[in-house]
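Visitor: There's a structure below that I have some questions on.
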Amino acid sequence: MDDLEILSEYSLYLKDKKEEGKKVIGFIAHDNIPEELIDAAGFIPLRMIFAGNDELMNASHDYLPPSTCAFAQSSIGLFSLKPSQFNFLNLLEYFIVSNHCVSDICASEIISRYFNIPRLNFYISYTKNDNSLKYFKLELMDLKQQLEKIRGSEIPSEDLRESIIKYNKFKKRLLEINNLNIKSSEKLRIFQIAMLIGPEFLPKLDEILHEFREKTPQEPNKTKDLIVTGCSIFINDFLIDLIEESGGNVAFFDTWIGNSYLSQTFEEEKLNSELDPLDLLVHRFKNNIYGDHSVPNYLELKISQIEKIYHDYKQKTGKKLGVINHIIKFCDHISIMSAHFKNQLQEKGIRVLNLERDYSRANRGQLSTRIEAFMEML
Ligand code: SF4
């Protein structure tokens, strides 16, 4: 499945949902937005994971300066560029304004205000302590009330619990896909379409898993294996193709489209406990310590997480992983400590490429050269 096929399948899916009378609620693609609450309210959560070309990025400059991150610029371009292949975004009825970072707030506010999509607010604390957990619960209660006002009735606790169970099963299945020995572009596109459609994509995931298990075990591949950490690779981005053309294969996506999403699961015991479903969501937020929206100690935790992935992979396959730290230009969260991140890991014998870029196609050749040179070193 290529990017165009993903977009057209998703567009048909959304139109069907609208015909069923469902409302579509958008938000920028980072972690901690409780999509289960949106689902339990009977609405469709739409994660904005479309970015990767000049046109979208450049179409935002009437609203934001070019010194804003290319992803936030592109998210605005999705609405301002006409005509475009993203017409399904006209189906959005609400947009969540949240504070993963400054660019996220600015882009979400602009989308809501200038493209006339009523906003819902959801503030997420940066710290993890008793007070911030209490605050997170208050924000969940507030978002729940905002959603209840739209639907005109309360969201029963049982419906929320069912949504949490459903999403948990879905993420666990995606973790199984993550462990398949398949081409990285194929794996990434499965993650992308699955994260757009959500748990309704489960039967398709089962089919994919069944198909791969039926195949005779694959020979260990001859590619140079990588972790991509930092910023995600979104739908429409050519980066994954550049990596594969240079002989690389991403064995582990440690990004918002990838492990930062898939790993947000609950143990069965926790899930079946008597906890209020909102407390389950608080518990998940508390445990989400590797996300870049988390201070203090984010960098130390991230380094230890990458080290663990590296050593586990080496033990399992005998191969050493290289690390590409993908930095979307002007993304402060990822760029600010990238030199320290690289030095710390290199001191431990793990090769790191800090790859900073925007979505300009003019830089494709230069990016390709940098990736190829990194592959040579592995
Ligand atoms: S600055 Fe980074 S974290 Fe913020 S919207 Fe852009 S890519 Fe996401």
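Note on naming: chains are A, B, ... as they come in the structure tokens, residues start from 1 per chain, ligands start from 1 in the order shown.
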Can you tell me, as a ChimeraX atom specification, what residues are no more than 9 Å from stretch 144-150 of chain A when counting only C-alpha atoms, ignoring any on the same chain fewer than 5 positions away?
Guide: /A:37-38,41,43,120-121,139,155
Visitor: Need to verify the contact set: stretch 103-118 of chain A, 12 Å, only C-alpha atoms, exclusion of same-chain residues closer than 6 positions in sequence. Can you return it as a count of residues only?
Guide: 50
Visitor: Enumerate as a count of residues only all residues of stretch 255-345 of chain A assigned to helix (DSSP H, G or I) by DSSP on the backbone, naming them with the chain letters and numbers the document uses.
Guide: 51
Visitor: Pull the closest atom pair for each residue of stretch 41-97 of chain A that gets at most 12 Å from stretch 247-262 of chain A, along with the distance in Å to one decimal, counting only C-alpha atoms, ordering rows by chain and then ascending residue number, as JSON lines.
Guide:
{"residue": "A:Arg47", "atom": "CA", "partner": "A:Ile257", "partner_atom": "CA", "distance": 10.3}
{"residue": "A:Met48", "atom": "CA", "partner": "A:Ile257", "partner_atom": "CA", "distance": 10.9}
{"residue": "A:Ile49", "atom": "CA", "partner": "A:Ile257", "partner_atom": "CA", "distance": 8.3}
{"residue": "A:Phe50", "atom": "CA", "partner": "A:Ile257", "partner_atom": "CA", "distance": 11.3}
Visitor: Please dump the current selection as a PDB file, in the first residue's frame; keep N, CA and C atoms.
Guide:
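Output contents, as saved in out_3.pdb:
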ATOM      1  N   ARG A  47      -6.171  11.524  13.956  1.00  0.00           N
ATOM      2  CA  ARG A  47      -4.795  11.892  14.310  1.00  0.00           C
ATOM      3  C   ARG A  47      -4.146  12.524  13.085  1.00  0.00           C
ATOM      4  N   MET A  48      -3.632  13.737  13.222  1.00  0.00           N
ATOM      5  CA  MET A  48      -3.044  14.428  12.055  1.00  0.00           C
ATOM      6  C   MET A  48      -1.632  13.888  11.831  1.00  0.00           C
ATOM      7  N   ILE A  49      -1.502  12.969  10.875  1.00  0.00           N
ATOM      8  CA  ILE A  49      -0.183  12.371  10.620  1.00  0.00           C
ATOM      9  C   ILE A  49       0.200  12.526   9.154  1.00  0.00           C
ATOM     10  N   PHE A  50      -0.140  13.704   8.596  1.00  0.00           N
ATOM     11  CA  PHE A  50       0.120  13.921   7.177  1.00  0.00           C
ATOM     12  C   PHE A  50       1.112  15.072   7.038  1.00  0.00           C
TER      13      PHE A  50
END
Visitor: Please report, as a Markdown table, each residue of stretch 2-72 of chain A lying at most 10 Å from stretch 191-199 of chain A, together with the nearest pair of atoms and the separation in Å rounded to one decimal; use only C-alpha atoms, and order rows by chain and ascending residue number.
Guide:
| residue | atom | partner | partner_atom | distance |
| --- | --- | --- | --- | --- |
| A:Asp3 | CA | A:Ile193 | CA | 9.4 |
| A:Glu5 | CA | A:Ile193 | CA | 9.7 |
| A:Ile6 | CA | A:Ile193 | CA | 6.1 |
| A:Leu7 | CA | A:Ile193 | CA | 8.5 |
| A:Glu9 | CA | A:Ile193 | CA | 8.6 |
| A:Tyr10 | CA | A:Ile197 | CA | 7.2 |
| A:Tyr13 | CA | A:Ile197 | CA | 7.8 |
| A:Leu14 | CA | A:Ile197 | CA | 8.8 |
| A:Glu35 | CA | A:Gly198 | CA | 9.5 |
| A:Asp39 | CA | A:Gly198 | CA | 9.7 |
| A:Ile44 | CA | A:Ile197 | CA | 8.9 |
| A:Pro45 | CA | A:Leu196 | CA | 8.2 |
| A:Leu46 | CA | A:Leu196 | CA | 6.5 |
| A:Arg47 | CA | A:Leu196 | CA | 6.3 |
| A:Met48 | CA | A:Leu196 | CA | 8.6 |
| A:Ile49 | CA | A:Gln192 | CA | 7.8 |
| A:Phe50 | CA | A:Gln192 | CA | 9.6 |
Visitor: For those residues, write N, CA and C atoms to a file as a PDB file, in the first residue's frame.
Guide:
ATOM      1  N   ASP A   3       1.306   5.744  -0.200  1.00  0.00           N
ATOM      2  CA  ASP A   3       0.667   6.867   0.503  1.00  0.00           C
ATOM      3  C   ASP A   3      -0.700   7.224  -0.091  1.00  0.00           C
ATOM      4  N   GLU A   5      -2.768   5.325  -1.718  1.00  0.00           N
ATOM      5  CA  GLU A   5      -3.774   4.308  -1.387  1.00  0.00           C
ATOM      6  C   GLU A   5      -4.255   4.482   0.054  1.00  0.00           C
ATOM      7  N   ILE A   6      -3.312   4.800   0.956  1.00  0.00           N
ATOM      8  CA  ILE A   6      -3.708   5.020   2.361  1.00  0.00           C
ATOM      9  C   ILE A   6      -4.713   6.173   2.433  1.00  0.00           C
ATOM     10  N   LEU A   7      -4.377   7.267   1.726  1.00  0.00           N
ATOM     11  CA  LEU A   7      -5.251   8.446   1.797  1.00  0.00           C
ATOM     12  C   LEU A   7      -6.620   8.143   1.208  1.00  0.00           C
ATOM     13  N   GLU A   9      -8.113   5.162   0.923  1.00  0.00           N
ATOM     14  CA  GLU A   9      -8.859   4.233   1.796  1.00  0.00           C
ATOM     15  C   GLU A   9      -9.410   4.977   3.018  1.00  0.00           C
ATOM     16  N   TYR A  10      -8.583   5.870   3.568  1.00  0.00           N
ATOM     17  CA  TYR A  10      -9.011   6.588   4.769  1.00  0.00           C
ATOM     18  C   TYR A  10     -10.157   7.564   4.453  1.00  0.00           C
ATOM     19  N   TYR A  13     -13.301   5.652   4.306  1.00  0.00           N
ATOM     20  CA  TYR A  13     -13.671   5.236   5.666  1.00  0.00           C
ATOM     21  C   TYR A  13     -14.373   6.395   6.404  1.00  0.00           C
ATOM     22  N   LEU A  14     -13.761   7.591   6.285  1.00  0.00           N
ATOM     23  CA  LEU A  14     -14.338   8.749   6.998  1.00  0.00           C
ATOM     24  C   LEU A  14     -15.714   9.121   6.450  1.00  0.00           C
ATOM     25  N   GLU A  35      -7.648   9.121  23.086  1.00  0.00           N
ATOM     26  CA  GLU A  35      -8.569   8.842  21.978  1.00  0.00           C
ATOM     27  C   GLU A  35      -9.721   7.935  22.426  1.00  0.00           C
ATOM     28  N   ASP A  39     -13.653   8.062  21.391  1.00  0.00           N
ATOM     29  CA  ASP A  39     -14.345   6.870  20.874  1.00  0.00           C
ATOM     30  C   ASP A  39     -15.557   6.530  21.739  1.00  0.00           C
ATOM     31  N   ILE A  44     -15.262  10.048  16.115  1.00  0.00           N
ATOM     32  CA  ILE A  44     -14.106   9.457  15.433  1.00  0.00           C
ATOM     33  C   ILE A  44     -12.869  10.306  15.718  1.00  0.00           C
ATOM     34  N   PRO A  45     -11.850   9.743  16.397  1.00  0.00           N
ATOM     35  CA  PRO A  45     -10.607  10.511  16.598  1.00  0.00           C
ATOM     36  C   PRO A  45      -9.771  10.522  15.315  1.00  0.00           C
ATOM     37  N   LEU A  46      -9.361  11.709  14.894  1.00  0.00           N
ATOM     38  CA  LEU A  46      -8.538  11.814  13.671  1.00  0.00           C
ATOM     39  C   LEU A  46      -7.167  12.380  14.045  1.00  0.00           C
ATOM     40  N   ARG A  47      -6.171  11.524  13.956  1.00  0.00           N
ATOM     41  CA  ARG A  47      -4.795  11.892  14.310  1.00  0.00           C
ATOM     42  C   ARG A  47      -4.146  12.524  13.085  1.00  0.00           C
ATOM     43  N   MET A  48      -3.632  13.737  13.222  1.00  0.00           N
ATOM     44  CA  MET A  48      -3.044  14.428  12.055  1.00  0.00           C
ATOM     45  C   MET A  48      -1.632  13.888  11.831  1.00  0.00           C
ATOM     46  N   ILE A  49      -1.502  12.969  10.875  1.00  0.00           N
ATOM     47  CA  ILE A  49      -0.183  12.371  10.620  1.00  0.00           C
ATOM     48  C   ILE A  49       0.200  12.526   9.154  1.00  0.00           C
ATOM     49  N   PHE A  50      -0.140  13.704   8.596  1.00  0.00           N
ATOM     50  CA  PHE A  50       0.120  13.921   7.177  1.00  0.00           C
ATOM     51  C   PHE A  50       1.112  15.072   7.038  1.00  0.00           C
TER      52      PHE A  50
END
Visitor: Would you pick out the contacts of A:Phe341 at 8 Å or less, using only C-alpha atoms, so that residues sharing its chain but fewer than 4 positions from it are not included, and give the list as a list in words?
Guide: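 What passes the distance filter is Leu299, Ile303, Met337 and Leu345 of chain A.
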Visitor: Grab the residues selected above and save them as a PDB file, in the first residue's frame with C-alpha atoms.
Guide:
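That gives us out-v7.pdb:
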ATOM      1  CA  LEU A 299      17.045  12.619  27.961  1.00  0.00           C
ATOM      2  CA  ILE A 303      19.251   7.143  26.268  1.00  0.00           C
ATOM      3  CA  MET A 337      19.726  18.050  23.380  1.00  0.00           C
ATOM      4  CA  LEU A 345      25.291   6.923  22.938  1.00  0.00           C
TER       5      LEU A 345
END
Visitor: Go ahead and compute the interatomic distance for atom CA of A:Gly230 and atom CA of A:Ala373, in Å to one decimal.
Guide: 19.9 Å
Visitor: In stretch 188-264 of chain A, what's strand (DSSP E) per DSSP? Answer as a list in words?
Guide: Lys224, Asp225, Leu226, Ile227, Val228, Thr229, Gly230, Gly248, Asn249, Val250, Ala251, Phe252, Phe253 and Asp254 of chain A
Visitor: Go ahead and save the picked residues with C-alpha atoms, as a compact mmCIF listing (two decimals), in the first residue's frame.
Guide:
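Writing the result to selection-v3.txt gives the following:
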# COMPACT_ATOMS: atom_id res chain seq x y z
CA LYS A 224 21.81 -2.52 7.82
CA ASP A 225 19.29 -2.28 10.62
CA LEU A 226 18.31 0.93 12.33
CA ILE A 227 16.27 2.56 15.06
CA VAL A 228 14.54 5.74 14.00
CA THR A 229 13.98 7.91 17.04
CA GLY A 230 13.00 11.57 17.44
CA GLY A 248 18.98 0.50 5.49
CA ASN A 249 15.99 -1.11 7.17
CA VAL A 250 14.23 0.40 10.17
CA ALA A 251 13.85 -2.45 12.62
CA PHE A 252 12.41 -0.23 15.34
CA PHE A 253 10.33 2.96 15.02
CA ASP A 254 10.81 4.75 18.34
Visitor: Work out how far apart atom CA of A:Glu307 and atom CA of A:Thr369 are and give it in Å to one decimal.
Guide: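 According to the coordinates, atom CA of A:Glu307 and atom CA of A:Thr369 are separated by 26.4 Å.
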Visitor: Compare A:Ile233, A:Leu271, A:Leu160, A:Leu138 by their minimum atom-to-atom distance to ligand 1, counting only C-alpha atoms and all ligand atoms, and give me the closest one.
Guide: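 Looking at the shortest contact to ligand 1, the residue is A:Ile233.
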Visitor: What does the distance between atom CA of A:His283 and atom CA of A:Tyr126 come to in Å, to one decimal place?
Guide: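 Between atom CA of A:His283 and atom CA of A:Tyr126 the gap is 15.1 Å.
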Visitor: Kindly indicate which residue among A:Gly291, A:Gly365, A:Pro277, A:Gly152 lies nearest to A:Ile334, using only C-alpha atoms for the distances.
Guide: A:Gly291
Visitor: Which residue gives the smallest distance to A:Tyr298 among A:Thr127, A:Ser98, A:Ser84, A:Asn53, with only C-alpha atoms counted?
Guide: A:Thr127
Visitor: Between A:Ile306, A:Met57, A:Cys231, A:Ile164, which one has atoms that come closest to A:Asn325, using only C-alpha atoms?
Guide: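 Checking each of A:Ile306, A:Met57, A:Cys231, A:Ile164 against A:Asn325, counting only C-alpha atoms, the winner is A:Cys231.
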Visitor: From the options A:Gly42, A:Arg351, A:Asn288, A:Asp241, which residue's atoms come nearest to A:Arg151, counting only C-alpha atoms?
Guide: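 Checking each candidate against A:Arg151, we get A:Gly42 as the closest.
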Visitor: My list of candidates is A:Glu55, A:Asp237, A:Glu36, A:Glu376. Which is closest to A:Ile165 when distances are computed with only C-alpha atoms?
Guide: A:Glu36
